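*Asks:* This is query.cif, which holds mmCIF, N, CA and C atoms:
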data_input
loop_
_atom_site.group_PDB
_atom_site.id
_atom_site.type_symbol
_atom_site.label_atom_id
_atom_site.label_comp_id
_atom_site.auth_asym_id
_atom_site.auth_seq_id
_atom_site.Cartn_x
_atom_site.Cartn_y
_atom_site.Cartn_z
ATOM 1 N N MET C 17 22.091 295.037 151.435
ATOM 2 C CA MET C 17 21.867 296.324 150.807
ATOM 3 C C MET C 17 20.419 296.791 150.951
ATOM 4 N N ILE C 18 19.487 295.912 150.636
ATOM 5 C CA ILE C 18 18.075 296.293 150.702
ATOM 6 C C ILE C 18 17.686 296.644 152.136
ATOM 7 N N SER C 19 18.217 295.926 153.111
ATOM 8 C CA SER C 19 17.873 296.216 154.506
ATOM 9 C C SER C 19 18.379 297.606 154.914
ATOM 10 N N GLU C 20 19.532 298.010 154.397
ATOM 11 C CA GLU C 20 20.054 299.351 154.689
ATOM 12 C C GLU C 20 19.182 300.419 154.038
ATOM 13 N N ILE C 21 18.705 300.145 152.836
ATOM 14 C CA ILE C 21 17.829 301.084 152.142
ATOM 15 C C ILE C 21 16.503 301.209 152.897
ATOM 16 N N LYS C 22 15.977 300.088 153.388
ATOM 17 C CA LYS C 22 14.729 300.118 154.173
ATOM 18 C C LYS C 22 14.897 300.973 155.421
ATOM 19 N N LYS C 23 16.033 300.821 156.106
ATOM 20 C CA LYS C 23 16.287 301.618 157.310
ATOM 21 C C LYS C 23 16.372 303.100 156.974
ATOM 22 N N TYR C 24 17.033 303.422 155.849
ATOM 23 C CA TYR C 24 17.161 304.820 155.443
ATOM 24 C C TYR C 24 15.803 305.424 155.111
ATOM 25 N N ILE C 25 14.987 304.714 154.348
ATOM 26 C CA ILE C 25 13.657 305.205 153.972
ATOM 27 C C ILE C 25 12.796 305.365 155.216
ATOM 28 N N ASN C 26 12.887 304.424 156.130
ATOM 29 C CA ASN C 26 12.116 304.505 157.373
ATOM 30 C C ASN C 26 12.543 305.722 158.190
ATOM 31 N N SER C 27 13.821 306.067 158.172
ATOM 32 C CA SER C 27 14.292 307.243 158.912
ATOM 33 C C SER C 27 13.865 308.548 158.237
ATOM 34 N N CYS C 28 13.551 308.483 156.955
ATOM 35 C CA CYS C 28 13.125 309.676 156.207
ATOM 36 C C CYS C 28 11.623 309.925 156.299
ATOM 37 N N LYS C 29 10.910 309.047 156.966
ATOM 38 C CA LYS C 29 9.453 309.161 157.079
ATOM 39 C C LYS C 29 9.064 310.510 157.666
ATOM 40 N N GLY C 30 8.213 311.252 156.956
ATOM 41 C CA GLY C 30 7.729 312.531 157.439
ATOM 42 C C GLY C 30 8.610 313.719 157.088
ATOM 43 N N LYS C 31 9.809 313.473 156.595
ATOM 44 C CA LYS C 31 10.710 314.565 156.217
ATOM 45 C C LYS C 31 10.447 314.983 154.775
ATOM 46 N N LYS C 32 10.677 316.248 154.492
ATOM 47 C CA LYS C 32 10.498 316.762 153.135
ATOM 48 C C LYS C 32 11.702 316.366 152.289
ATOM 49 N N LEU C 33 11.443 315.688 151.160
ATOM 50 C CA LEU C 33 12.492 315.183 150.294
ATOM 51 C C LEU C 33 12.227 315.546 148.842
ATOM 52 N N LYS C 34 13.268 315.461 148.051
ATOM 53 C CA LYS C 34 13.131 315.604 146.610
ATOM 54 C C LYS C 34 13.567 314.286 145.991
ATOM 55 N N ILE C 35 12.741 313.731 145.110
ATOM 56 C CA ILE C 35 13.120 312.503 144.427
ATOM 57 C C ILE C 35 13.158 312.750 142.928
ATOM 58 N N LYS C 36 14.083 312.080 142.285
ATOM 59 C CA LYS C 36 14.182 312.106 140.828
ATOM 60 C C LYS C 36 13.957 310.691 140.342
ATOM 61 N N ILE C 37 13.071 310.541 139.363
ATOM 62 C CA ILE C 37 12.699 309.229 138.852
ATOM 63 C C ILE C 37 13.123 309.131 137.397
ATOM 64 N N ASP C 38 13.810 308.047 137.059
ATOM 65 C CA ASP C 38 14.174 307.769 135.678
ATOM 66 C C ASP C 38 13.012 307.003 135.048
ATOM 67 N N VAL C 39 12.324 307.634 134.098
ATOM 68 C CA VAL C 39 11.156 306.993 133.469
ATOM 69 C C VAL C 39 11.490 306.408 132.105
ATOM 70 N N GLY C 40 12.751 306.389 131.727
ATOM 71 C CA GLY C 40 13.173 305.759 130.485
ATOM 72 C C GLY C 40 13.343 306.743 129.356
ATOM 73 N N ARG C 41 14.075 306.306 128.345
ATOM 74 C CA ARG C 41 14.354 307.104 127.149
ATOM 75 C C ARG C 41 14.862 308.501 127.496
ATOM 76 N N ASN C 42 15.804 308.535 128.425
ATOM 77 C CA ASN C 42 16.441 309.787 128.862
ATOM 78 C C ASN C 42 15.454 310.805 129.423
ATOM 79 N N LYS C 43 14.361 310.338 129.985
ATOM 80 C CA LYS C 43 13.383 311.230 130.606
ATOM 81 C C LYS C 43 13.437 311.039 132.115
ATOM 82 N N LYS C 44 13.368 312.148 132.817
ATOM 83 C CA LYS C 44 13.366 312.110 134.274
ATOM 84 C C LYS C 44 12.243 312.989 134.801
ATOM 85 N N GLU C 45 11.682 312.587 135.930
ATOM 86 C CA GLU C 45 10.665 313.380 136.614
ATOM 87 C C GLU C 45 11.181 313.686 138.007
ATOM 88 N N ALA C 46 10.837 314.852 138.525
ATOM 89 C CA ALA C 46 11.264 315.242 139.876
ATOM 90 C C ALA C 46 10.032 315.636 140.687
ATOM 91 N N TYR C 47 10.009 315.219 141.939
ATOM 92 C CA TYR C 47 8.906 315.524 142.844
ATOM 93 C C TYR C 47 9.453 315.948 144.190
ATOM 94 N N ILE C 48 8.708 316.811 144.875
ATOM 95 C CA ILE C 48 9.021 317.199 146.245
ATOM 96 C C ILE C 48 7.851 316.769 147.110
ATOM 97 N N GLY C 49 8.141 316.066 148.194
ATOM 98 C CA GLY C 49 7.082 315.572 149.067
ATOM 99 C C GLY C 49 7.672 314.846 150.265
ATOM 100 N N THR C 50 6.876 313.941 150.835
ATOM 101 C CA THR C 50 7.294 313.204 152.027
ATOM 102 C C THR C 50 7.032 311.720 151.863
ATOM 103 N N VAL C 51 7.808 310.915 152.582
ATOM 104 C CA VAL C 51 7.574 309.477 152.637
ATOM 105 C C VAL C 51 6.408 309.260 153.591
ATOM 106 N N VAL C 52 5.353 308.605 153.100
ATOM 107 C CA VAL C 52 4.151 308.418 153.909
ATOM 108 C C VAL C 52 4.239 307.131 154.719
ATOM 109 N N ASP C 53 4.432 306.013 154.055
ATOM 110 C CA ASP C 53 4.470 304.710 154.726
ATOM 111 C C ASP C 53 5.557 303.841 154.133
ATOM 112 N N THR C 54 6.014 302.884 154.935
ATOM 113 C CA THR C 54 6.945 301.869 154.451
ATOM 114 C C THR C 54 6.326 300.506 154.713
ATOM 115 N N TYR C 55 6.425 299.657 153.734
ATOM 116 C CA TYR C 55 5.906 298.296 153.829
ATOM 117 C C TYR C 55 7.053 297.334 153.571
ATOM 118 N N SER C 56 6.769 296.039 153.568
ATOM 119 C CA SER C 56 7.846 295.063 153.418
ATOM 120 C C SER C 56 8.514 295.128 152.042
ATOM 121 N N ASN C 57 7.756 295.423 150.991
ATOM 122 C CA ASN C 57 8.343 295.442 149.650
ATOM 123 C C ASN C 57 8.315 296.805 148.973
ATOM 124 N N ILE C 58 7.477 297.719 149.433
ATOM 125 C CA ILE C 58 7.363 299.033 148.788
ATOM 126 C C ILE C 58 7.320 300.139 149.831
ATOM 127 N N TRP C 59 7.467 301.371 149.355
ATOM 128 C CA TRP C 59 7.287 302.562 150.185
ATOM 129 C C TRP C 59 6.515 303.583 149.364
ATOM 130 N N THR C 60 5.751 304.430 150.050
ATOM 131 C CA THR C 60 4.908 305.396 149.353
ATOM 132 C C THR C 60 5.419 306.808 149.609
ATOM 133 N N PHE C 61 5.273 307.631 148.583
ATOM 134 C CA PHE C 61 5.756 309.004 148.595
ATOM 135 C C PHE C 61 4.598 309.901 148.180
ATOM 136 N N LYS C 62 4.320 310.932 148.969
ATOM 137 C CA LYS C 62 3.181 311.802 148.700
ATOM 138 C C LYS C 62 3.645 313.208 148.370
ATOM 139 N N THR C 63 3.148 313.728 147.230
ATOM 140 C CA THR C 63 3.369 315.123 146.876
ATOM 141 C C THR C 63 2.087 315.870 147.240
ATOM 142 N N GLU C 64 1.920 317.066 146.728
ATOM 143 C CA GLU C 64 0.713 317.829 147.062
ATOM 144 C C GLU C 64 -0.558 317.133 146.613
ATOM 145 N N ASN C 65 -0.550 316.552 145.405
ATOM 146 C CA ASN C 65 -1.801 315.984 144.907
ATOM 147 C C ASN C 65 -1.729 314.516 144.516
ATOM 148 N N ILE C 66 -0.572 313.870 144.556
ATOM 149 C CA ILE C 66 -0.515 312.464 144.168
ATOM 150 C C ILE C 66 0.286 311.652 145.179
ATOM 151 N N VAL C 67 0.026 310.348 145.159
ATOM 152 C CA VAL C 67 0.788 309.404 145.970
ATOM 153 C C VAL C 67 1.409 308.393 145.010
ATOM 154 N N LYS C 68 2.720 308.212 145.112
ATOM 155 C CA LYS C 68 3.428 307.273 144.258
ATOM 156 C C LYS C 68 4.040 306.192 145.144
ATOM 157 N N SER C 69 4.164 305.003 144.613
ATOM 158 C CA SER C 69 4.803 303.927 145.361
ATOM 159 C C SER C 69 6.005 303.412 144.588
ATOM 160 N N PHE C 70 7.013 303.019 145.339
ATOM 161 C CA PHE C 70 8.265 302.544 144.756
ATOM 162 C C PHE C 70 8.731 301.326 145.531
ATOM 163 N N SER C 71 9.522 300.499 144.873
ATOM 164 C CA SER C 71 10.140 299.384 145.587
ATOM 165 C C SER C 71 11.515 299.833 146.081
ATOM 166 N N TYR C 72 12.043 299.107 147.033
ATOM 167 C CA TYR C 72 13.359 299.451 147.574
ATOM 168 C C TYR C 72 14.447 299.195 146.534
ATOM 169 N N SER C 73 14.205 298.254 145.643
ATOM 170 C CA SER C 73 15.200 297.955 144.612
ATOM 171 C C SER C 73 15.299 299.086 143.583
ATOM 172 N N ASP C 74 14.277 299.954 143.478
ATOM 173 C CA ASP C 74 14.361 301.110 142.592
ATOM 174 C C ASP C 74 15.510 302.030 143.005
ATOM 175 N N ILE C 75 15.766 302.113 144.292
ATOM 176 C CA ILE C 75 16.873 302.933 144.785
ATOM 177 C C ILE C 75 18.195 302.222 144.504
ATOM 178 N N LEU C 76 18.195 300.922 144.701
ATOM 179 C CA LEU C 76 19.414 300.124 144.472
ATOM 180 C C LEU C 76 19.845 300.194 143.009
ATOM 181 N N THR C 77 18.890 300.176 142.087
ATOM 182 C CA THR C 77 19.196 300.225 140.654
ATOM 183 C C THR C 77 19.256 301.656 140.108
ATOM 184 N N LYS C 78 19.128 302.624 140.989
ATOM 185 C CA LYS C 78 19.201 304.050 140.666
ATOM 186 C C LYS C 78 18.084 304.508 139.716
ATOM 187 N N GLN C 79 16.947 303.856 139.786
ATOM 188 C CA GLN C 79 15.770 304.333 139.079
ATOM 189 C C GLN C 79 15.155 305.504 139.835
ATOM 190 N N VAL C 80 15.361 305.524 141.162
ATOM 191 C CA VAL C 80 14.892 306.610 142.024
ATOM 192 C C VAL C 80 16.088 307.125 142.806
ATOM 193 N N ILE C 81 16.270 308.447 142.775
ATOM 194 C CA ILE C 81 17.358 309.077 143.532
ATOM 195 C C ILE C 81 16.732 310.046 144.525
ATOM 196 N N ILE C 82 17.096 309.894 145.792
ATOM 197 C CA ILE C 82 16.518 310.697 146.872
ATOM 198 C C ILE C 82 17.543 311.730 147.330
ATOM 199 N N SER C 83 17.069 312.953 147.531
ATOM 200 C CA SER C 83 17.920 313.983 148.131
ATOM 201 C C SER C 83 17.078 314.778 149.120
ATOM 202 N N SER C 84 17.709 315.216 150.188
ATOM 203 C CA SER C 84 16.982 315.977 151.204
ATOM 204 C C SER C 84 17.010 317.464 150.833
ATOM 205 N N LEU C 85 16.035 318.185 151.338
ATOM 206 C CA LEU C 85 15.956 319.627 151.070
ATOM 207 C C LEU C 85 16.588 320.418 152.191
#
Mind turning this structure into structure tokens?
*Replies:*
Amino acid sequence: MISEIKKYINSCKGKKLKIKIDVGRNKKEAYIGTVVDTYSNIWTFKTENIVKSFSYSDILTKQVIISSL
């Protein structure tokens, strides 16, 4: 599963995406940006002014949901 998620994130590199993040207690944050880099355990996502990093397991556990624009 994780290897498939890594391949998907790697294919999304440079594309404009929308991500929704579950931050707990029924709160969600949404960002629009691009995948900057992929590493062995994490991947980075850049919006206009911030860079966030996530693990691949965040997608597996549905803490991060990715959708294309």
*Asks:* In Å, with one decimal, what is the gap from atom C of Tyr24 (chain C) to CA of Val51 (chain C)?
*Replies:*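 Those two atoms sit 9.5 Å apart.
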*Asks:* Would you kindly identify which residues have an atom no farther than 8 Å from (14.0, 318.5, 150.8), using only C-alpha atoms and the file's own coordinates, and write them out as a list in words?
*Replies:*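 These residues have at least one counted atom within 8 Å: Lys31, Lys32, Leu33, Lys34, Ile48, Gly49, Ser83, Ser84 and Leu85 of chain C.
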*Asks:* Could you list the residues chosen by the PyMOL selection byres (((chain C and resi 26 and name CA) around 12) and name CA) in this structure as a list in words?
*Replies:* Ser19, Glu20, Ile21, Lys22, Lys23, Tyr24, Ile25, Ser27, Cys28, Lys29, Gly30, Lys31, Thr50, Val51, Val52, Asp53, Thr54, Tyr55, Ser56, Ile58, Trp59, Thr60, Phe61 and Tyr72 of chain C
*Asks:* Report the residues of chain C whose backbone DSSP state falls under strand (DSSP E), written as a ChimeraX atom specification.
*Replies:* /C:32-40,43-54,58-62,67-71,80-84
*Asks:* Go ahead and compute the interatomic distance for atom C of Lys44 (chain C) and CA of Lys78 (chain C), in Å to one decimal.
*Replies:*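 Here the two named atoms are 12.8 Å from each other.
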*Asks:* Provide the atom N of Ile81 (chain C) to CA of Lys43 (chain C) distance in Å, to one decimal place.
*Replies:* 12.8 Å
*Asks:* What's the 7 Å shell around Asn57 (chain C), counting all atoms listed in the file, without same-chain residues fewer than 5 positions away, as a list in words?
*Replies:*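 Result of the neighbour search: Phe70, Ser71, Tyr72 and Ser73 of chain C.
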*Asks:* Write the selection just made, keeping N, CA and C atoms, as a PDB file, keeping the file's coordinate frame?
*Replies:*
ATOM      1  N   PHE C  70       7.013 303.019 145.339  1.00  0.00           N
ATOM      2  CA  PHE C  70       8.265 302.544 144.756  1.00  0.00           C
ATOM      3  C   PHE C  70       8.731 301.326 145.531  1.00  0.00           C
ATOM      4  N   SER C  71       9.522 300.499 144.873  1.00  0.00           N
ATOM      5  CA  SER C  71      10.140 299.384 145.587  1.00  0.00           C
ATOM      6  C   SER C  71      11.515 299.833 146.081  1.00  0.00           C
ATOM      7  N   TYR C  72      12.043 299.107 147.033  1.00  0.00           N
ATOM      8  CA  TYR C  72      13.359 299.451 147.574  1.00  0.00           C
ATOM      9  C   TYR C  72      14.447 299.195 146.534  1.00  0.00           C
ATOM     10  N   SER C  73      14.205 298.254 145.643  1.00  0.00           N
ATOM     11  CA  SER C  73      15.200 297.955 144.612  1.00  0.00           C
ATOM     12  C   SER C  73      15.299 299.086 143.583  1.00  0.00           C
TER      13      SER C  73
END
*Asks:* Pull out every residue that the PyMOL selection byres ((chain C and resi 80) around 8) matches in the shown coordinates and put them as a ChimeraX atom specification.
*Replies:* /C:35-39,73-79,81-83
*Asks:* Just need the box for region 49-59 of chain C, edges along x, y and z, holding every atom the file lists for it with 3 Å tacked onto each side, so centre and edge lengths in Å to one decimal, as AutoDock Vina command-line options.
*Replies:*
--center_x 6.3 --center_y 305.6 --center_z 151.6 --size_x 10.4 --size_y 27.0 --size_z 12.7
